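Here is the file run_17.cif (mmCIF, N, CA and C atoms).
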```
data_entry
#
loop_
_atom_site.label_atom_id
_atom_site.label_comp_id
_atom_site.auth_asym_id
_atom_site.auth_seq_id
_atom_site.Cartn_x
_atom_site.Cartn_y
_atom_site.Cartn_z
N MET Q 2 4.30 -3.92 24.72
CA MET Q 2 4.13 -3.06 23.56
C MET Q 2 3.90 -1.60 23.99
N ARG Q 3 4.20 -1.28 25.23
CA ARG Q 3 4.00 0.08 25.71
C ARG Q 3 5.12 1.01 25.27
N GLN Q 4 6.30 0.47 25.02
CA GLN Q 4 7.40 1.30 24.54
C GLN Q 4 7.26 1.46 23.03
N PRO Q 5 7.69 2.61 22.51
CA PRO Q 5 7.60 2.79 21.04
C PRO Q 5 8.39 1.71 20.32
N ARG Q 6 7.75 1.08 19.37
CA ARG Q 6 8.37 0.00 18.59
C ARG Q 6 7.80 0.02 17.18
N VAL Q 7 8.49 -0.69 16.34
CA VAL Q 7 7.99 -0.93 14.99
C VAL Q 7 7.91 -2.44 14.83
N LEU Q 8 6.75 -2.94 14.49
CA LEU Q 8 6.54 -4.36 14.25
C LEU Q 8 6.40 -4.55 12.74
N VAL Q 9 7.34 -5.28 12.15
CA VAL Q 9 7.35 -5.52 10.71
C VAL Q 9 6.95 -6.96 10.46
N LEU Q 10 5.94 -7.15 9.63
CA LEU Q 10 5.49 -8.48 9.25
C LEU Q 10 5.59 -8.61 7.74
N ASP Q 11 6.52 -9.43 7.29
CA ASP Q 11 6.64 -9.69 5.86
C ASP Q 11 5.68 -10.82 5.50
N GLU Q 12 5.33 -10.89 4.23
CA GLU Q 12 4.38 -11.88 3.74
C GLU Q 12 3.03 -11.74 4.44
N ALA Q 13 2.65 -10.51 4.73
CA ALA Q 13 1.39 -10.25 5.44
C ALA Q 13 0.18 -10.77 4.68
N GLN Q 14 0.31 -10.91 3.38
CA GLN Q 14 -0.82 -11.43 2.59
C GLN Q 14 -1.16 -12.86 2.97
N ARG Q 15 -0.26 -13.55 3.63
CA ARG Q 15 -0.50 -14.93 4.03
C ARG Q 15 -1.11 -15.07 5.42
N LEU Q 16 -1.25 -13.96 6.12
CA LEU Q 16 -1.82 -14.02 7.47
C LEU Q 16 -3.31 -14.36 7.38
N PRO Q 17 -3.76 -15.29 8.20
CA PRO Q 17 -5.20 -15.61 8.20
C PRO Q 17 -6.00 -14.48 8.85
N GLY Q 18 -7.29 -14.47 8.57
CA GLY Q 18 -8.17 -13.45 9.12
C GLY Q 18 -8.04 -13.25 10.62
N PRO Q 19 -8.02 -14.31 11.43
CA PRO Q 19 -7.90 -14.12 12.87
C PRO Q 19 -6.61 -13.38 13.27
N ALA Q 20 -5.51 -13.63 12.55
CA ALA Q 20 -4.26 -12.93 12.87
C ALA Q 20 -4.39 -11.44 12.54
N LEU Q 21 -5.05 -11.13 11.43
CA LEU Q 21 -5.27 -9.73 11.08
C LEU Q 21 -6.19 -9.05 12.09
N GLU Q 22 -7.19 -9.78 12.56
CA GLU Q 22 -8.07 -9.23 13.61
C GLU Q 22 -7.28 -8.97 14.89
N PHE Q 23 -6.36 -9.87 15.22
CA PHE Q 23 -5.51 -9.67 16.39
C PHE Q 23 -4.69 -8.40 16.24
N LEU Q 24 -4.11 -8.18 15.05
CA LEU Q 24 -3.33 -6.98 14.81
C LEU Q 24 -4.19 -5.73 14.96
N ARG Q 25 -5.42 -5.80 14.48
CA ARG Q 25 -6.32 -4.66 14.65
C ARG Q 25 -6.56 -4.38 16.12
N GLY Q 26 -6.76 -5.43 16.91
CA GLY Q 26 -6.95 -5.25 18.34
C GLY Q 26 -5.70 -4.70 19.01
N LEU Q 27 -4.55 -5.16 18.58
CA LEU Q 27 -3.29 -4.65 19.11
C LEU Q 27 -3.16 -3.16 18.80
N TRP Q 28 -3.47 -2.81 17.58
CA TRP Q 28 -3.39 -1.42 17.14
C TRP Q 28 -4.32 -0.53 17.96
N ASP Q 29 -5.51 -1.02 18.25
CA ASP Q 29 -6.51 -0.23 18.96
C ASP Q 29 -6.28 -0.16 20.47
N HIS Q 30 -5.49 -1.06 21.02
CA HIS Q 30 -5.31 -1.08 22.47
C HIS Q 30 -4.66 0.22 22.94
N PRO Q 31 -5.22 0.85 23.98
CA PRO Q 31 -4.71 2.16 24.41
C PRO Q 31 -3.27 2.14 24.92
N ASP Q 32 -2.76 1.00 25.34
CA ASP Q 32 -1.39 0.92 25.84
C ASP Q 32 -0.36 0.60 24.75
N THR Q 33 -0.81 0.43 23.54
CA THR Q 33 0.10 0.08 22.46
C THR Q 33 0.67 1.33 21.83
N ASP Q 34 1.99 1.37 21.76
CA ASP Q 34 2.69 2.47 21.09
C ASP Q 34 3.57 1.85 20.01
N THR Q 35 2.92 1.15 19.10
CA THR Q 35 3.63 0.39 18.08
C THR Q 35 3.13 0.75 16.70
N ALA Q 36 4.07 0.94 15.79
CA ALA Q 36 3.73 1.12 14.38
C ALA Q 36 3.78 -0.25 13.72
N LEU Q 37 2.81 -0.55 12.92
CA LEU Q 37 2.78 -1.82 12.18
C LEU Q 37 3.20 -1.55 10.75
N VAL Q 38 4.11 -2.37 10.25
CA VAL Q 38 4.50 -2.33 8.85
C VAL Q 38 4.19 -3.71 8.30
N LEU Q 39 3.20 -3.77 7.44
CA LEU Q 39 2.78 -5.04 6.84
C LEU Q 39 3.27 -5.04 5.39
N ALA Q 40 4.12 -5.99 5.07
CA ALA Q 40 4.75 -6.02 3.76
C ALA Q 40 4.43 -7.32 3.05
N GLY Q 41 4.52 -7.26 1.74
CA GLY Q 41 4.35 -8.45 0.92
C GLY Q 41 3.43 -8.17 -0.25
N ALA Q 42 3.73 -8.78 -1.38
CA ALA Q 42 2.91 -8.61 -2.57
C ALA Q 42 1.50 -9.13 -2.29
N GLY Q 43 0.52 -8.29 -2.42
CA GLY Q 43 -0.85 -8.68 -2.17
C GLY Q 43 -1.33 -8.37 -0.77
N SER Q 44 -0.49 -7.75 0.04
CA SER Q 44 -0.88 -7.43 1.42
C SER Q 44 -2.09 -6.52 1.47
N GLU Q 45 -2.16 -5.60 0.52
CA GLU Q 45 -3.31 -4.67 0.53
C GLU Q 45 -4.62 -5.41 0.32
N ARG Q 46 -4.62 -6.44 -0.50
CA ARG Q 46 -5.85 -7.23 -0.70
C ARG Q 46 -6.22 -7.98 0.58
N ALA Q 47 -5.21 -8.53 1.25
CA ALA Q 47 -5.47 -9.26 2.51
C ALA Q 47 -6.03 -8.33 3.57
N LEU Q 48 -5.46 -7.14 3.67
CA LEU Q 48 -5.94 -6.19 4.68
C LEU Q 48 -7.36 -5.73 4.38
N ARG Q 49 -7.70 -5.63 3.14
CA ARG Q 49 -9.05 -5.18 2.79
C ARG Q 49 -10.11 -6.22 3.18
N ARG Q 50 -9.68 -7.46 3.44
CA ARG Q 50 -10.62 -8.48 3.94
C ARG Q 50 -11.02 -8.20 5.38
N VAL Q 51 -10.25 -7.35 6.06
CA VAL Q 51 -10.54 -6.95 7.43
C VAL Q 51 -10.68 -5.42 7.42
N PRO Q 52 -11.86 -4.94 7.03
CA PRO Q 52 -12.04 -3.49 6.86
C PRO Q 52 -11.66 -2.66 8.09
N ALA Q 53 -11.87 -3.21 9.29
CA ALA Q 53 -11.53 -2.46 10.50
C ALA Q 53 -10.02 -2.22 10.59
N LEU Q 54 -9.22 -3.11 10.04
CA LEU Q 54 -7.77 -2.90 10.01
C LEU Q 54 -7.39 -2.03 8.82
N ALA Q 55 -7.95 -2.30 7.67
CA ALA Q 55 -7.63 -1.54 6.46
C ALA Q 55 -7.93 -0.05 6.64
N SER Q 56 -8.98 0.26 7.41
CA SER Q 56 -9.32 1.67 7.60
C SER Q 56 -8.30 2.39 8.47
N ARG Q 57 -7.43 1.67 9.13
CA ARG Q 57 -6.42 2.27 9.99
C ARG Q 57 -5.07 2.47 9.29
N VAL Q 58 -4.99 2.07 8.04
CA VAL Q 58 -3.74 2.21 7.29
C VAL Q 58 -3.50 3.70 7.01
N LEU Q 59 -2.34 4.17 7.43
CA LEU Q 59 -1.99 5.56 7.20
C LEU Q 59 -1.60 5.79 5.75
N THR Q 60 -0.79 4.90 5.22
CA THR Q 60 -0.35 5.06 3.83
C THR Q 60 -0.02 3.69 3.24
N TRP Q 61 -0.25 3.56 1.95
CA TRP Q 61 0.13 2.37 1.20
C TRP Q 61 1.38 2.75 0.40
N GLU Q 62 2.39 1.93 0.45
CA GLU Q 62 3.63 2.20 -0.28
C GLU Q 62 3.96 1.03 -1.18
N LEU Q 63 4.37 1.35 -2.38
CA LEU Q 63 4.88 0.34 -3.30
C LEU Q 63 6.40 0.48 -3.30
N VAL Q 64 7.09 -0.56 -2.92
CA VAL Q 64 8.54 -0.53 -2.91
C VAL Q 64 9.01 -1.21 -4.19
N SER Q 65 9.53 -0.40 -5.07
CA SER Q 65 9.96 -0.95 -6.35
C SER Q 65 11.39 -1.45 -6.26
N ARG Q 66 11.82 -2.09 -7.31
CA ARG Q 66 13.20 -2.58 -7.37
C ARG Q 66 14.16 -1.41 -7.28
N LEU Q 67 15.33 -1.68 -6.71
CA LEU Q 67 16.37 -0.67 -6.68
C LEU Q 67 16.86 -0.42 -8.09
N ARG Q 68 17.08 0.83 -8.42
CA ARG Q 68 17.66 1.16 -9.72
C ARG Q 68 19.16 0.86 -9.66
N PRO Q 69 19.77 0.58 -10.81
CA PRO Q 69 21.19 0.22 -10.79
C PRO Q 69 22.07 1.22 -10.04
N GLY Q 70 21.80 2.49 -10.16
CA GLY Q 70 22.60 3.49 -9.47
C GLY Q 70 22.38 3.55 -7.97
N GLU Q 71 21.35 2.88 -7.47
CA GLU Q 71 21.02 2.90 -6.04
C GLU Q 71 21.58 1.69 -5.29
N VAL Q 72 21.90 0.64 -6.00
CA VAL Q 72 22.22 -0.63 -5.36
C VAL Q 72 23.43 -0.54 -4.44
N ALA Q 73 24.53 0.02 -4.90
CA ALA Q 73 25.76 0.04 -4.09
C ALA Q 73 25.55 0.79 -2.78
N ALA Q 74 24.93 1.96 -2.83
CA ALA Q 74 24.70 2.73 -1.60
C ALA Q 74 23.71 2.03 -0.69
N ALA Q 75 22.67 1.44 -1.25
CA ALA Q 75 21.67 0.74 -0.43
C ALA Q 75 22.29 -0.47 0.26
N MET Q 76 23.11 -1.22 -0.44
CA MET Q 76 23.72 -2.40 0.16
C MET Q 76 24.75 -2.01 1.22
N ALA Q 77 25.52 -0.95 1.00
CA ALA Q 77 26.49 -0.50 2.00
C ALA Q 77 25.77 -0.03 3.26
N ALA Q 78 24.60 0.58 3.10
CA ALA Q 78 23.81 1.00 4.26
C ALA Q 78 23.15 -0.19 4.94
N PHE Q 79 22.83 -1.22 4.16
CA PHE Q 79 22.17 -2.42 4.69
C PHE Q 79 23.11 -3.27 5.53
N HIS Q 80 24.34 -3.47 5.04
CA HIS Q 80 25.26 -4.37 5.74
C HIS Q 80 26.69 -3.93 5.47
N PRO Q 81 27.54 -3.87 6.51
CA PRO Q 81 28.92 -3.42 6.33
C PRO Q 81 29.75 -4.28 5.39
N LEU Q 82 29.33 -5.50 5.16
CA LEU Q 82 30.03 -6.38 4.23
C LEU Q 82 30.20 -5.73 2.86
N TRP Q 83 29.21 -4.92 2.44
CA TRP Q 83 29.21 -4.33 1.10
C TRP Q 83 30.02 -3.05 1.01
N GLU Q 84 30.47 -2.50 2.14
CA GLU Q 84 31.17 -1.22 2.12
C GLU Q 84 32.45 -1.25 1.31
N ASP Q 85 33.17 -2.36 1.34
CA ASP Q 85 34.46 -2.44 0.66
C ASP Q 85 34.42 -3.21 -0.66
N VAL Q 86 33.24 -3.60 -1.10
CA VAL Q 86 33.11 -4.29 -2.38
C VAL Q 86 33.15 -3.25 -3.49
N SER Q 87 33.93 -3.50 -4.52
CA SER Q 87 34.08 -2.52 -5.61
C SER Q 87 32.73 -2.29 -6.29
N GLU Q 88 32.57 -1.09 -6.78
CA GLU Q 88 31.32 -0.76 -7.49
C GLU Q 88 31.15 -1.64 -8.72
N ASP Q 89 32.25 -1.96 -9.40
CA ASP Q 89 32.17 -2.85 -10.57
C ASP Q 89 31.62 -4.22 -10.18
N ASP Q 90 32.05 -4.73 -9.01
CA ASP Q 90 31.55 -6.03 -8.56
C ASP Q 90 30.08 -5.95 -8.17
N VAL Q 91 29.67 -4.86 -7.54
CA VAL Q 91 28.25 -4.70 -7.20
C VAL Q 91 27.40 -4.65 -8.47
N VAL Q 92 27.87 -3.91 -9.46
CA VAL Q 92 27.15 -3.84 -10.74
C VAL Q 92 27.07 -5.22 -11.36
N TRP Q 93 28.17 -5.97 -11.34
CA TRP Q 93 28.18 -7.32 -11.90
C TRP Q 93 27.15 -8.22 -11.22
N VAL Q 94 27.13 -8.18 -9.88
CA VAL Q 94 26.18 -9.01 -9.13
C VAL Q 94 24.76 -8.61 -9.47
N ASP Q 95 24.49 -7.32 -9.55
CA ASP Q 95 23.13 -6.88 -9.83
C ASP Q 95 22.69 -7.31 -11.23
N GLU Q 96 23.59 -7.23 -12.18
CA GLU Q 96 23.25 -7.65 -13.56
C GLU Q 96 23.00 -9.15 -13.64
N HIS Q 97 23.73 -9.95 -12.85
CA HIS Q 97 23.63 -11.40 -12.96
C HIS Q 97 22.56 -12.02 -12.07
N VAL Q 98 22.42 -11.54 -10.84
CA VAL Q 98 21.44 -12.18 -9.94
C VAL Q 98 20.58 -11.20 -9.15
N GLY Q 99 21.10 -10.03 -8.83
CA GLY Q 99 20.37 -9.12 -7.95
C GLY Q 99 19.16 -8.47 -8.58
N HIS Q 100 19.33 -7.93 -9.78
CA HIS Q 100 18.27 -7.28 -10.54
C HIS Q 100 17.47 -6.28 -9.71
N GLY Q 101 18.16 -5.62 -8.76
CA GLY Q 101 17.50 -4.61 -7.95
C GLY Q 101 16.53 -5.14 -6.92
N ASN Q 102 16.47 -6.45 -6.76
CA ASN Q 102 15.53 -7.07 -5.82
C ASN Q 102 16.19 -7.18 -4.45
N PHE Q 103 15.67 -6.42 -3.49
CA PHE Q 103 16.30 -6.37 -2.17
C PHE Q 103 16.32 -7.73 -1.50
N ARG Q 104 15.29 -8.52 -1.67
CA ARG Q 104 15.25 -9.85 -1.05
C ARG Q 104 16.40 -10.71 -1.58
N THR Q 105 16.67 -10.65 -2.86
CA THR Q 105 17.77 -11.41 -3.43
C THR Q 105 19.10 -10.93 -2.86
N TRP Q 106 19.25 -9.62 -2.74
CA TRP Q 106 20.47 -9.07 -2.16
C TRP Q 106 20.63 -9.50 -0.71
N ALA Q 107 19.54 -9.56 0.04
CA ALA Q 107 19.61 -10.00 1.45
C ALA Q 107 20.05 -11.46 1.53
N LYS Q 108 19.53 -12.30 0.63
CA LYS Q 108 19.94 -13.71 0.62
C LYS Q 108 21.42 -13.83 0.27
N LEU Q 109 21.85 -13.05 -0.69
CA LEU Q 109 23.25 -13.08 -1.09
C LEU Q 109 24.13 -12.62 0.08
N THR Q 110 23.70 -11.61 0.79
CA THR Q 110 24.45 -11.13 1.97
C THR Q 110 24.56 -12.24 3.01
N SER Q 111 23.49 -12.99 3.19
CA SER Q 111 23.51 -14.09 4.14
C SER Q 111 24.53 -15.15 3.73
N HIS Q 112 24.54 -15.51 2.45
CA HIS Q 112 25.51 -16.49 1.96
C HIS Q 112 26.94 -16.00 2.14
N LEU Q 113 27.18 -14.74 1.83
CA LEU Q 113 28.53 -14.19 1.95
C LEU Q 113 28.97 -14.12 3.41
N THR Q 114 28.06 -13.72 4.28
CA THR Q 114 28.38 -13.65 5.70
C THR Q 114 28.77 -15.02 6.24
N ALA Q 115 28.03 -16.04 5.84
CA ALA Q 115 28.35 -17.40 6.27
C ALA Q 115 29.70 -17.84 5.72
N GLU Q 116 29.98 -17.45 4.50
CA GLU Q 116 31.23 -17.83 3.85
C GLU Q 116 32.46 -17.23 4.54
N ILE Q 117 32.36 -16.00 5.00
CA ILE Q 117 33.53 -15.33 5.58
C ILE Q 117 33.55 -15.39 7.11
N TYR Q 118 32.53 -16.00 7.71
CA TYR Q 118 32.46 -16.07 9.16
C TYR Q 118 33.72 -16.72 9.73
N GLY Q 119 34.32 -16.04 10.70
CA GLY Q 119 35.48 -16.59 11.38
C GLY Q 119 36.81 -16.38 10.65
N LYS Q 120 36.76 -15.82 9.47
CA LYS Q 120 37.99 -15.55 8.73
C LYS Q 120 38.42 -14.12 9.05
N SER Q 121 39.65 -13.97 9.53
CA SER Q 121 40.09 -12.68 10.04
C SER Q 121 40.23 -11.60 8.96
N ARG Q 122 40.70 -11.94 7.82
CA ARG Q 122 40.92 -10.93 6.78
C ARG Q 122 40.19 -11.31 5.49
N ALA Q 123 38.97 -11.71 5.63
CA ALA Q 123 38.20 -12.13 4.46
C ALA Q 123 37.91 -10.93 3.56
N VAL Q 124 38.13 -11.11 2.29
CA VAL Q 124 37.86 -10.07 1.30
C VAL Q 124 36.76 -10.58 0.39
N VAL Q 125 35.76 -9.75 0.18
CA VAL Q 125 34.69 -10.12 -0.74
C VAL Q 125 35.14 -9.69 -2.13
N ASP Q 126 35.65 -10.65 -2.89
CA ASP Q 126 36.12 -10.37 -4.24
C ASP Q 126 35.23 -11.09 -5.25
N ARG Q 127 35.55 -10.94 -6.51
CA ARG Q 127 34.71 -11.51 -7.57
C ARG Q 127 34.57 -13.02 -7.42
N ARG Q 128 35.65 -13.71 -7.06
CA ARG Q 128 35.59 -15.17 -6.90
C ARG Q 128 34.58 -15.56 -5.83
N LEU Q 129 34.62 -14.87 -4.70
CA LEU Q 129 33.69 -15.16 -3.62
C LEU Q 129 32.26 -14.80 -4.03
N LEU Q 130 32.11 -13.69 -4.73
CA LEU Q 130 30.79 -13.29 -5.21
C LEU Q 130 30.22 -14.32 -6.19
N GLU Q 131 31.07 -14.83 -7.07
CA GLU Q 131 30.61 -15.85 -8.02
C GLU Q 131 30.11 -17.09 -7.31
N ARG Q 132 30.84 -17.52 -6.26
CA ARG Q 132 30.40 -18.70 -5.50
C ARG Q 132 29.06 -18.44 -4.81
N ALA Q 133 28.93 -17.27 -4.21
CA ALA Q 133 27.68 -16.95 -3.50
C ALA Q 133 26.52 -16.84 -4.49
N CYS Q 134 26.76 -16.22 -5.63
CA CYS Q 134 25.71 -16.10 -6.64
C CYS Q 134 25.30 -17.47 -7.17
N ALA Q 135 26.28 -18.36 -7.32
CA ALA Q 135 25.98 -19.72 -7.79
C ALA Q 135 25.06 -20.45 -6.81
N ARG Q 136 25.21 -20.17 -5.53
CA ARG Q 136 24.34 -20.81 -4.54
C ARG Q 136 22.88 -20.36 -4.72
N LEU Q 137 22.70 -19.14 -5.23
CA LEU Q 137 21.34 -18.64 -5.46
C LEU Q 137 20.77 -19.11 -6.79
N MET Q 138 21.60 -19.07 -7.81
CA MET Q 138 21.09 -19.25 -9.16
C MET Q 138 21.64 -20.46 -9.90
N GLY Q 139 22.53 -21.18 -9.29
CA GLY Q 139 23.22 -22.23 -10.01
C GLY Q 139 24.42 -21.63 -10.71
N PRO Q 140 25.24 -22.41 -11.34
CA PRO Q 140 26.47 -21.92 -11.98
C PRO Q 140 26.17 -20.82 -13.01
N LEU Q 141 27.03 -19.83 -13.01
CA LEU Q 141 26.88 -18.71 -13.96
C LEU Q 141 27.65 -18.96 -15.22
#
```
Kindly present the structure from the file in structure tokens form.
Amino acid sequence: MRQPRVLVLDEAQRLPGPALEFLRGLWDHPDTDTALVLAGAGSERALRRVPALASRVLTWELVSRLRPGEVAAAMAAFHPLWEDVSEDDVVWVDEHVGHGNFRTWAKLTSHLTAEIYGKSRAVVDRRLLERACARLMGPL
């Protein structure tokens, strides 16, 4: 941990007290050059159970849902799979299953990636999107 790094822990609210104490010790160690990003609904409450760690928080951020106008650009930046998907199709997916929730979009990206893996000229079209969305939500 001597090289600059970022350690991201999702679902941090589920970490037990000893794990949070370990993170505090990691943070305090003079050889550590690591930024900690603790994410998850309720993480701030969990961190407050370990005041020595909570006092080291530089900033608390609330990450809200993506607004409809942000989804296409955010997904294209997240994964190249979305770069060639039409804006109409991205809007359709967001209205039906995405709802601006990045975690849902990440799961959908995983399903689509698995679907097109090994196909040389795979195109992400509405039919493929419908199948991937159905895997998340059941038939539309």
Evaluated on this file, the PyMOL selection byres ((chain Q and resi 65) around 8) picks out some residues - which ones are they, written as a list in words?
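So the PyMOL selection byres ((chain Q and resi 65) around 8) ends up selecting Glu62, Leu63, Val64, Arg66, Leu67, Arg68, Gly101, Asn102 and Phe103 of chain Q.
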Just the number, please: distance in Å from atom CA of Thr33 of chain Q to atom CA of Pro5 of chain Q, one decimal.
8.1 Å
Which parts of chain Q does DSSP call strand (DSSP E or B) when run on the backbone here, written out as an MDAnalysis selection string?
chainID Q and resid 6:10 35:39
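The shortest atom-to-atom distance to Ala47 of chain Q, with all atoms listed in the file taken into account, belongs to Q:Ala13 out of Q:Ala13, Q:Leu27, Q:Ala20, Q:Val7.
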Quick check on the file I pasted: which residues fall under the PyMOL selection byres (((chain Q and resi 72 and name CA) around 9) and name CA)? Write them as a ChimeraX atom specification.
/Q:67-71,73-77,91-92,95,101,103
Considering only C-alpha atoms, can you say which of Q:Ala36, Q:Val124, Q:Leu24, Q:Leu130 comes closest to Ala53 of chain Q?
Q:Leu24
Taking only residues of segment 18-98 of chain Q that have an atom at most 8 Å from an atom of segment 107-117 of chain Q, what is each one's shortest atom pair and its distance in Å to one decimal, using all atoms listed in the file, in chain and number order, as a tab-separated table?
```
residue	atom	partner	partner_atom	distance
Q:His80	CA	Q:Thr110	CA	7.8
Q:Leu82	CA	Q:Thr114	CA	7.6
Q:Trp83	N	Q:Thr110	CA	7.8
```
Within 7 Å of segment 37-43 of chain Q using only C-alpha atoms, minus same-chain residues under 2 positions, as a list in words
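Contacts, with the query itself left out: Val7, Leu8, Val9, Leu10, Asp11, Glu12, Ala13, Gln14, Thr35, Glu45, Arg46 and Ala47 of chain Q.
Taking atom CA of Asp34 of chain Q as the reference point, atom CA of Glu22 of chain Q is found at 17.6 Å.
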Best match for closeness to Ala123 of chain Q among Q:Trp106, Q:Trp28, Q:Glu96, Q:Val86, counting only C-alpha atoms
Q:Val86
Just to confirm, what's the straight-line distance from atom C of Pro19 of chain Q to atom C of Leu59 of chain Q in Å (one decimal)?
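Pair atom C of Pro19 of chain Q / atom C of Leu59 of chain Q returns 21.2 Å.
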Mind listing the helix (DSSP H, G or I) residues of chain Q, per DSSP on the backbone, as a PyMOL selection string?
chain Q and resi 13-15+18-29+44-49+52-55+69-79+81-83+88-99+103-117+127-138
Any chance you could work out the residue set of the PyMOL selection byres ((chain Q and resi 134) around 8) here, as a ChimeraX atom specification?
/Q:94,97-99,109,112-113,128-133,135-141
